[in-house]
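Visitor: There's a structure below that I have some questions on.
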Amino acid sequence: MLWTIPGPTEAWASIIGHVAWPSVTLFLILRYKTFLRRYLTTIADRLETDHVKFGWFEVRAQDQVIVLDPAKADKSSTSYDSDDVNRIERMFEFIADNGGFEALRQWAATAVGTGVDFDDFLTGPEYATQRAKAFAEVKGLVE
Amino acid sequence: MTKKFFTSVSPKAALGIRKVYESEGYEVRVKTQDDGLLTVVAAKRSEEKRRVHA
């Protein structure tokens, strides 16, 4: 049987066009496989670690919320009594003053210990007693 | 990402919160509430192992 190459008719052009694009796509994917994989990994990494659609004021289930209003002390994610809420807010105000930060940090390092993070001492419900003690001992903390 | 929220904060206490958390490597943002008090958010990226490409 003799095969002849058909003439360049429109129908043939259309058939080749339909068959060609999947093969070209496949070829390109295989040819640039490593590059594509690296590109997708980079995008996945950045979605994971960058601030993509990161709502600053969007509260998630795992976030700690501290309501510094004694009347709404029970609205915090961990419970505080209203006196403690007043103390926490006053401590942050004291820290805003000149020298307050250092004074309170030094007191906490001595009285609570250097193993405790300073922000845990300021906000952790388990340090309520130490905060009350700080009010008795740190000069200038009681208004 | 670790986030800590403080709500109904006085402006002076917000300054103190900023001082404490920025010194610990947090990024701090402040927003005014409807009642004139402030909401302060301190956020820190969790320590994550990043993939290293050879």
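Scheme for the structure tokens: letters A, B, ... for chains in order shown; per-chain residue numbers from 1; ligand numbers from 1 in order shown.
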Give the residues of chain B that lie within 6 Å of chain A; count only C-alpha atoms, and format the answer as a PDB file with N, CA and C atoms, in the first residue's frame.
Guide:
```
ATOM      1  N   LYS B   3      -0.719  35.532  67.965  1.00  0.00           N
ATOM      2  CA  LYS B   3      -1.335  36.862  68.100  1.00  0.00           C
ATOM      3  C   LYS B   3      -1.934  37.022  69.487  1.00  0.00           C
ATOM      4  N   LYS B   4      -1.719  38.216  70.061  1.00  0.00           N
ATOM      5  CA  LYS B   4      -2.317  38.532  71.353  1.00  0.00           C
ATOM      6  C   LYS B   4      -3.118  39.803  71.199  1.00  0.00           C
ATOM      7  N   PHE B   5      -4.349  39.753  71.674  1.00  0.00           N
ATOM      8  CA  PHE B   5      -5.232  40.917  71.565  1.00  0.00           C
ATOM      9  C   PHE B   5      -5.434  41.559  72.924  1.00  0.00           C
ATOM     10  N   PHE B   6      -5.387  42.880  72.955  1.00  0.00           N
ATOM     11  CA  PHE B   6      -5.774  43.629  74.145  1.00  0.00           C
ATOM     12  C   PHE B   6      -6.890  44.572  73.700  1.00  0.00           C
ATOM     13  N   THR B   7      -8.032  44.494  74.361  1.00  0.00           N
ATOM     14  CA  THR B   7      -9.118  45.395  73.974  1.00  0.00           C
ATOM     15  C   THR B   7      -9.457  46.323  75.138  1.00  0.00           C
ATOM     16  N   SER B   8     -10.190  47.398  74.831  1.00  0.00           N
ATOM     17  CA  SER B   8     -10.558  48.426  75.814  1.00  0.00           C
ATOM     18  C   SER B   8      -9.325  48.975  76.537  1.00  0.00           C
ATOM     19  N   VAL B   9      -8.302  49.280  75.749  1.00  0.00           N
ATOM     20  CA  VAL B   9      -7.026  49.727  76.307  1.00  0.00           C
ATOM     21  C   VAL B   9      -6.969  51.257  76.309  1.00  0.00           C
ATOM     22  N   LYS B  12      -2.464  55.369  77.066  1.00  0.00           N
ATOM     23  CA  LYS B  12      -1.167  55.250  77.742  1.00  0.00           C
ATOM     24  C   LYS B  12      -0.758  53.782  77.911  1.00  0.00           C
ATOM     25  N   ALA B  13      -1.737  52.944  78.259  1.00  0.00           N
ATOM     26  CA  ALA B  13      -1.438  51.514  78.402  1.00  0.00           C
ATOM     27  C   ALA B  13      -1.022  50.925  77.045  1.00  0.00           C
ATOM     28  N   LEU B  15       0.723  52.389  74.825  1.00  0.00           N
ATOM     29  CA  LEU B  15       2.152  52.691  74.652  1.00  0.00           C
ATOM     30  C   LEU B  15       3.012  51.666  75.382  1.00  0.00           C
ATOM     31  N   GLY B  16       2.575  51.321  76.600  1.00  0.00           N
ATOM     32  CA  GLY B  16       3.300  50.326  77.386  1.00  0.00           C
ATOM     33  C   GLY B  16       3.285  48.963  76.712  1.00  0.00           C
ATOM     34  N   ILE B  17       2.133  48.577  76.178  1.00  0.00           N
ATOM     35  CA  ILE B  17       2.020  47.278  75.486  1.00  0.00           C
ATOM     36  C   ILE B  17       2.979  47.253  74.305  1.00  0.00           C
TER      37      ILE B  17
END
```
Visitor: Run DSSP on the backbone of this structure and report the residues of stretch 51-92 of chain A it assigns to strand (DSSP E or B), as a list in words.
Guide: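 DSSP on the backbone gives strand (DSSP E or B) at Gln64, Val65, Ile66 and Val67 of chain A.
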Visitor: Need the shell around A:Tyr80: protein/DNA/RNA residues with any atom at most 9 Å away, counting only C-alpha atoms. Skip same-chain ones fewer than 3 positions apart. Format as a list of chain:residue names?
Guide: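 Using only C-alpha atoms, the neighbours found are A:Ile66, A:Pro70, A:Ala73, A:Asp74, A:Ser76, A:Asp83, A:Asp84, A:Val85, A:Pro125, A:Ala128.
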Visitor: Go ahead and write the residues just picked, N, CA and C atoms, as a compact mmCIF listing (two decimals), in the first residue's frame.
Guide:
```txt
# COMPACT_ATOMS: atom_id res chain seq x y z
N ILE A 66 -7.24 39.65 75.79
CA ILE A 66 -7.31 40.20 77.14
C ILE A 66 -8.11 41.49 77.09
N PRO A 70 -12.45 46.29 83.54
CA PRO A 70 -12.82 45.48 84.70
C PRO A 70 -14.26 44.97 84.63
N ALA A 73 -14.26 41.68 82.56
CA ALA A 73 -13.11 40.82 82.86
C ALA A 73 -13.34 39.38 82.39
N ASP A 74 -14.61 38.94 82.38
CA ASP A 74 -14.90 37.55 82.00
C ASP A 74 -14.93 37.35 80.48
N SER A 76 -12.40 37.93 78.52
CA SER A 76 -11.06 37.54 78.06
C SER A 76 -11.03 36.04 77.80
N ASP A 83 -9.96 43.26 89.75
CA ASP A 83 -8.81 43.97 90.34
C ASP A 83 -7.55 43.69 89.53
N ASP A 84 -7.43 42.42 89.11
CA ASP A 84 -6.24 42.03 88.34
C ASP A 84 -6.22 42.76 87.00
N VAL A 85 -7.39 42.90 86.37
CA VAL A 85 -7.48 43.62 85.10
C VAL A 85 -7.00 45.07 85.27
N PRO A 125 -2.62 34.57 83.73
CA PRO A 125 -3.53 34.48 84.89
C PRO A 125 -2.84 33.85 86.10
N ALA A 128 -1.18 36.29 88.83
CA ALA A 128 -2.02 37.32 89.46
C ALA A 128 -1.48 37.71 90.84
```
Visitor: Going by DSSP on the backbone, which residues of chain A come out as alpha helix (DSSP H)? List them as a PyMOL selection string.
Guide: chain A and resi 10-31+33-49+82-96+100-111+118-123+128-137
Visitor: Mind giving me the straight-line distance from atom CA of A:Leu47 to atom CA of B:Glu27 in Å, one decimal?
Guide: 19.2 Å
Visitor: If you measure from atom CA of A:Tyr127 to atom CA of B:Val41, what distance in Å do you get, rounded to one decimal?
Guide: 21.3 Å
Visitor: Using only C-alpha atoms, which residues sit within 7 Å of B:Ser10 once same-chain residues fewer than 4 positions away are excluded, as an MDAnalysis selection string?
Guide: chainID B and resid 14 37:38
